[in-house]
file upload.cif (mmCIF, C-alpha atoms)
data_upload
#
loop_
_atom_site.label_atom_id
_atom_site.label_comp_id
_atom_site.auth_asym_id
_atom_site.auth_seq_id
_atom_site.Cartn_x
_atom_site.Cartn_y
_atom_site.Cartn_z
CA MET A 165 0.00 0.00 0.00
CA PRO A 166 1.47 3.43 -0.96
CA VAL A 167 2.57 5.62 1.93
CA TYR A 168 1.43 9.24 1.77
CA PRO A 169 2.59 12.18 3.89
CA ALA A 170 0.45 12.98 6.92
CA THR A 171 -1.04 16.27 8.08
CA ILE A 172 -2.51 17.65 11.32
CA ALA A 173 -6.13 17.78 12.46
CA GLU A 174 -6.17 21.38 13.69
CA ARG A 175 -3.96 24.39 14.22
CA VAL A 176 -1.36 24.36 17.00
CA GLU A 177 0.52 27.15 18.76
CA HIS A 178 3.56 26.44 20.90
CA GLU A 179 6.08 28.76 22.54
CA LEU A 180 9.76 28.05 23.14
CA GLU A 181 12.16 30.41 24.94
CA ILE A 182 15.88 30.22 24.19
CA ARG A 183 18.31 32.68 25.78
CA ARG A 184 15.58 35.27 26.28
CA SER A 185 14.31 35.06 22.69
CA ARG A 186 10.70 33.89 22.30
CA PHE A 187 9.97 31.49 19.44
CA LEU A 188 6.20 31.20 18.92
CA THR A 189 5.33 28.42 16.45
CA HIS A 190 2.07 28.40 14.51
CA LEU A 191 1.18 25.16 12.70
CA VAL A 192 -1.83 25.43 10.39
CA PRO A 193 -3.33 22.69 8.19
CA VAL A 194 -3.97 24.03 4.67
CA SER A 195 -5.31 22.64 1.40
CA SER A 196 -3.30 24.73 -1.06
CA PRO A 197 -0.35 27.15 -1.36
CA GLU A 198 -2.89 29.99 -1.71
CA GLU A 199 -4.53 29.11 1.61
CA ALA A 200 -1.07 28.87 3.18
CA ASP A 201 -0.24 32.37 1.94
CA GLU A 202 -3.46 33.70 3.50
CA GLU A 203 -2.57 32.12 6.86
CA ILE A 204 0.96 33.52 6.69
CA ALA A 205 -0.42 37.01 6.02
CA ARG A 206 -2.80 36.73 9.00
CA ILE A 207 -0.03 35.64 11.35
CA ARG A 208 2.35 38.37 10.15
CA LYS A 209 -0.38 40.97 10.66
CA ARG A 210 -1.10 39.64 14.14
CA HIS A 211 2.59 39.68 15.07
CA TRP A 212 3.58 42.81 13.20
CA ASP A 213 5.86 43.85 16.06
CA ALA A 214 7.98 40.65 15.99
CA ASN A 215 11.55 40.67 14.73
CA HIS A 216 10.94 37.77 12.34
CA ASN A 217 8.07 35.61 11.06
CA CYS A 218 9.87 32.72 9.38
CA VAL A 219 8.00 30.26 7.20
CA ALA A 220 8.09 26.66 5.97
CA MET A 221 5.26 25.02 4.06
CA VAL A 222 4.63 21.72 2.30
CA THR A 223 1.51 21.06 0.21
CA GLY A 224 0.16 18.46 -2.19
CA THR A 225 -0.97 14.87 -1.71
CA THR A 226 2.60 13.63 -2.09
CA GLY A 227 4.19 16.71 -0.50
CA ASP A 228 5.64 17.77 -3.84
CA GLN A 229 5.29 21.53 -3.27
CA ALA A 230 7.48 23.21 -0.66
CA ARG A 231 8.66 26.70 0.17
CA SER A 232 10.48 28.45 3.00
CA SER A 233 11.52 31.94 4.10
CA ASP A 234 14.11 33.18 6.58
CA ASP A 235 12.34 36.57 6.87
CA GLY A 236 15.50 38.48 7.66
CA GLU A 237 17.37 35.84 9.66
CA PRO A 238 20.77 34.83 8.21
CA SER A 239 20.29 32.78 5.05
CA GLY A 240 19.57 29.11 5.71
CA THR A 241 19.19 29.42 9.49
CA ALA A 242 15.38 29.44 9.83
CA GLY A 243 13.14 28.45 6.93
CA ILE A 244 15.22 25.52 5.71
CA PRO A 245 15.65 23.93 9.17
CA MET A 246 11.90 24.31 9.70
CA LEU A 247 11.20 22.72 6.33
CA GLU A 248 13.59 19.85 7.07
CA VAL A 249 11.59 19.03 10.22
CA LEU A 250 8.35 18.90 8.23
CA ARG A 251 10.01 16.66 5.64
CA ARG A 252 11.62 14.40 8.23
CA ARG A 253 8.31 13.99 10.07
CA GLY A 254 6.54 13.14 6.79
CA MET A 255 4.10 16.07 6.74
CA THR A 256 2.16 17.85 4.00
CA ASP A 257 -0.71 20.34 3.58
CA LEU A 258 0.81 22.23 6.48
CA VAL A 259 2.33 25.66 6.98
CA ALA A 260 4.64 26.48 9.89
CA VAL A 261 5.34 30.06 10.90
CA VAL A 262 7.82 30.70 13.70
CA THR A 263 7.51 34.20 15.16
CA ARG A 264 10.65 35.38 16.92
CA TYR A 265 10.82 38.14 19.50
CA PHE A 266 14.53 38.83 19.94
CA GLY A 267 15.69 38.76 23.55
CA GLY A 268 18.98 40.59 23.16
CA VAL A 269 21.33 37.59 23.03
CA LYS A 270 22.62 36.48 19.63
CA LEU A 271 22.43 32.73 19.04
CA GLY A 272 24.80 32.39 16.10
CA ALA A 273 24.04 30.48 12.92
CA GLY A 274 24.16 27.05 14.55
CA GLY A 275 22.04 28.20 17.46
CA LEU A 276 19.41 29.62 15.11
CA VAL A 277 19.26 26.40 13.08
CA ARG A 278 18.72 24.38 16.26
CA ALA A 279 16.20 26.86 17.69
CA TYR A 280 13.97 27.06 14.61
CA GLY A 281 14.11 23.30 14.08
CA ALA A 282 13.26 22.62 17.72
CA ALA A 283 10.40 25.13 17.65
CA VAL A 284 8.66 23.27 14.82
CA SER A 285 9.51 19.81 16.17
CA GLU A 286 8.10 20.57 19.62
CA ALA A 287 4.94 22.06 18.12
CA LEU A 288 4.41 18.90 16.04
CA ASP A 289 4.74 16.85 19.24
CA HIS A 290 1.60 18.66 20.46
CA ALA A 291 -0.35 18.19 17.22
CA THR A 292 -2.98 15.57 16.42
CA ILE A 293 -1.52 13.73 13.45
CA VAL A 294 -3.81 12.64 10.61
CA GLU A 295 -2.45 9.93 8.33
CA ARG A 296 -3.51 9.56 4.70
CA ARG A 297 -4.14 6.33 2.86
CA ALA A 298 -5.49 5.22 -0.48
CA LEU A 299 -8.75 3.51 0.49
CA THR A 300 -11.49 1.83 -1.54
CA ARG A 301 -15.12 2.82 -1.06
CA ALA A 302 -17.42 -0.11 -0.24
CA THR A 303 -21.18 0.29 0.17
CA PHE A 304 -24.04 -1.95 1.25
CA ALA A 305 -27.54 -1.60 2.68
CA VAL A 306 -29.43 -3.26 5.53
CA ASN A 307 -32.92 -2.96 6.96
CA HIS A 308 -33.42 -0.14 9.45
CA ALA A 309 -34.01 -2.62 12.27
CA GLU A 310 -30.45 -3.94 11.75
CA ALA A 311 -28.76 -0.54 11.33
CA GLY A 312 -27.71 -0.08 14.96
CA ARG A 313 -26.14 -3.54 15.18
CA PHE A 314 -24.21 -3.09 11.93
CA ASP A 315 -23.07 0.38 12.97
CA ASN A 316 -21.52 -1.03 16.18
CA LEU A 317 -19.91 -3.95 14.34
CA LEU A 318 -18.47 -1.67 11.66
CA ARG A 319 -17.00 0.77 14.18
CA ASP A 320 -15.03 -2.10 15.75
CA TRP A 321 -14.13 -3.50 12.32
CA THR A 322 -12.78 -0.21 10.94
CA ARG A 323 -10.61 0.37 14.01
CA SER A 324 -8.91 -3.01 13.59
CA HIS A 325 -8.51 -2.88 9.79
CA ASP A 326 -7.12 0.66 9.19
CA ALA A 327 -10.45 1.59 7.62
CA VAL A 328 -12.83 4.52 8.03
CA LEU A 329 -16.60 4.44 8.45
CA GLY A 330 -18.10 6.94 6.02
CA GLU A 331 -21.55 8.43 5.72
CA THR A 332 -24.65 6.42 6.60
CA ARG A 333 -27.78 7.36 4.66
CA TYR A 334 -31.20 6.44 6.01
CA VAL A 335 -33.51 6.15 3.02
CA ALA A 336 -35.63 3.10 2.12
CA ARG A 337 -32.88 1.10 3.85
CA ALA A 338 -29.83 2.09 5.88
CA GLU A 339 -27.00 2.57 3.38
CA PHE A 340 -23.50 2.21 4.85
CA GLU A 341 -20.22 3.46 3.42
CA VAL A 342 -16.84 2.04 4.43
CA TRP A 343 -13.45 3.21 3.18
CA THR A 344 -11.09 0.26 3.43
CA PRO A 345 -7.65 -0.84 2.25
CA ALA A 346 -8.02 -2.84 -0.96
CA ASP A 347 -6.46 -5.92 0.63
CA ALA A 348 -9.15 -5.89 3.36
CA LEU A 349 -12.11 -5.95 0.96
CA GLY A 350 -12.26 -9.74 1.03
CA ARG A 351 -12.27 -9.77 4.82
CA LEU A 352 -15.06 -7.17 4.86
CA ALA A 353 -17.13 -9.32 2.51
CA ASP A 354 -16.58 -12.39 4.70
CA ASP A 355 -17.49 -10.55 7.89
CA LEU A 356 -20.61 -8.94 6.39
CA ALA A 357 -21.73 -12.36 5.21
CA ALA A 358 -21.16 -13.79 8.70
CA TRP A 359 -23.08 -10.96 10.37
CA SER A 360 -26.02 -11.23 7.95
CA GLN A 361 -26.18 -14.99 7.33
CA GLY A 362 -25.01 -14.37 3.78
CA SER A 363 -27.58 -11.73 2.83
CA VAL A 364 -25.26 -8.68 2.71
CA ALA A 365 -22.28 -8.11 0.41
CA PRO A 366 -20.19 -4.95 -0.14
CA GLU A 367 -20.09 -3.20 -3.49
CA PRO A 368 -16.58 -1.85 -4.24
CA GLY A 369 -16.32 1.65 -5.69
CA GLU A 370 -13.81 4.43 -6.19
CA VAL A 371 -10.36 4.72 -4.64
CA ARG A 372 -9.60 7.94 -2.81
CA ILE A 373 -6.92 9.40 -0.53
CA VAL A 374 -8.64 9.50 2.87
CA ASP A 375 -7.62 11.15 6.16
CA VAL A 376 -7.23 8.58 8.95
CA PRO A 377 -6.55 9.70 12.55
CA ALA A 378 -3.23 8.23 13.67
#
call {"tool": "encode", "arguments": {"input": "upload.cif", "output": "structure tokens"}}
result
Amino acid sequence: MPVYPATIAERVEHELEIRRSRFLTHLVPVSSPEEADEEIARIRKRHWDANHNCVAMVTGTTGDQARSSDDGEPSGTAGIPMLEVLRRRGMTDLVAVVTRYFGGVKLGAGGLVRAYGAAVSEALDHATIVERRALTRATFAVNHAEAGRFDNLLRDWTRSHDAVLGETRYVARAEFEVWTPADALGRLADDLAAWSQGSVAPEPGEVRIVDVPA
């Protein structure tokens, strides 16, 4: 199964103090470079009085788009170390802005590299990671009287098979949607048959990249 970069569930702010300088990290999940630029502009406006608002961003399903900015720090001491943390941690669709309020003590090039890298790394430690997988959509329907039982069974099944329970539609019958790894489709079919005495079978559909809480 292909491995895709992960992202985060919601924005995170984390502060780190090093030799009287404050490093405030903002991690924001985004869906495009344009959305990342909007978030960067908001953060820079909010922290207009900071000495630096350094940036690293990675976007795209495979993390193929990346950009960084030192925002006035010595070249290569801020944006690139931040970006390397995002790459090393396997992240995408994420922008990191580290706002620095200078405390009067110079850190030197090596100290800056370590500080900006640590600021992003520590913030990621506080984030809720969302993994992404290529999953196959499988649908089936049951009578309304059986819906509650199947819902409970499927919630347990998805947790143990790296799958995700999708939308349930209550129309003439209860229509379930499960996003599952392709190699688990056979097991899903077997289990549905066992739960229904052979009367229910999944119908495979499209393949999509789906967010899965880590």
call {"tool": "resolve_selection", "arguments": {"input": "upload.cif", "expression": "the PyMOL selection byres ((chain A and resi 292) around 10)", "output": "list in words"}}
result
Thr171, Ile172, Ala173, Glu174, Arg175, Val176, Leu288, Asp289, His290, Ala291, Ile293, Val294, Glu295, Pro377 and Ala378 of chain A
call {"tool": "write_last_selection", "arguments": {"input": "upload.cif", "atoms": "C-alpha atoms", "output": "compact mmCIF listing (two decimals), in the frame of the given file"}}
result
# COMPACT_ATOMS: atom_id res chain seq x y z
CA THR A 171 -1.04 16.27 8.08
CA ILE A 172 -2.51 17.65 11.32
CA ALA A 173 -6.13 17.78 12.46
CA GLU A 174 -6.17 21.38 13.69
CA ARG A 175 -3.96 24.39 14.22
CA VAL A 176 -1.36 24.36 17.00
CA LEU A 288 4.41 18.90 16.04
CA ASP A 289 4.74 16.85 19.24
CA HIS A 290 1.60 18.66 20.46
CA ALA A 291 -0.35 18.19 17.22
CA ILE A 293 -1.52 13.73 13.45
CA VAL A 294 -3.81 12.64 10.61
CA GLU A 295 -2.45 9.93 8.33
CA PRO A 377 -6.55 9.70 12.55
CA ALA A 378 -3.23 8.23 13.67
call {"tool": "resolve_selection", "arguments": {"input": "upload.cif", "expression": "the PyMOL selection byres ((chain A and resi 277-281) around 6)", "output": "PyMOL selection string"}}
result
chain A and resi 241-242+245-246+274-276+282-284
call {"tool": "closest_residue", "arguments": {"input": "upload.cif", "among": "A:Val306, A:Ala205, A:Ala338, A:Leu352", "to": "Ser324 of chain A", "atoms": "all atoms listed in the file"}}
result
A:Leu352
call {"tool": "atom_distance", "arguments": {"input": "upload.cif", "atom1": "atom CA of Glu286 of chain A", "atom2": "atom CA of Thr189 of chain A"}}
result
8.9 Å
call {"tool": "atom_distance", "arguments": {"input": "upload.cif", "atom1": "atom CA of Asn217 of chain A", "atom2": "atom CA of Glu181 of chain A"}}
result
15.4 Å
call {"tool": "residues_around", "arguments": {"input": "upload.cif", "residues": "Val374 of chain A", "least_positions_apart": "2", "cutoff": "10 Å", "atoms": "all atoms listed in the file", "output": "JSON, numbers by chain"}}
result
{"A": [294, 295, 296, 297, 298, 299, 300, 327, 328, 343, 344, 371, 372, 376, 377]}
call {"tool": "resolve_selection", "arguments": {"input": "upload.cif", "expression": "the PyMOL selection byres ((chain A and resi 247) around 9)", "output": "ChimeraX atom specification"}}
result
/A:219-222,230-232,242-246,248-252,260,281,284
call {"tool": "atom_distance", "arguments": {"input": "upload.cif", "atom1": "atom CA of Gly254 of chain A", "atom2": "atom CA of Tyr168 of chain A"}}
result
8.2 Å
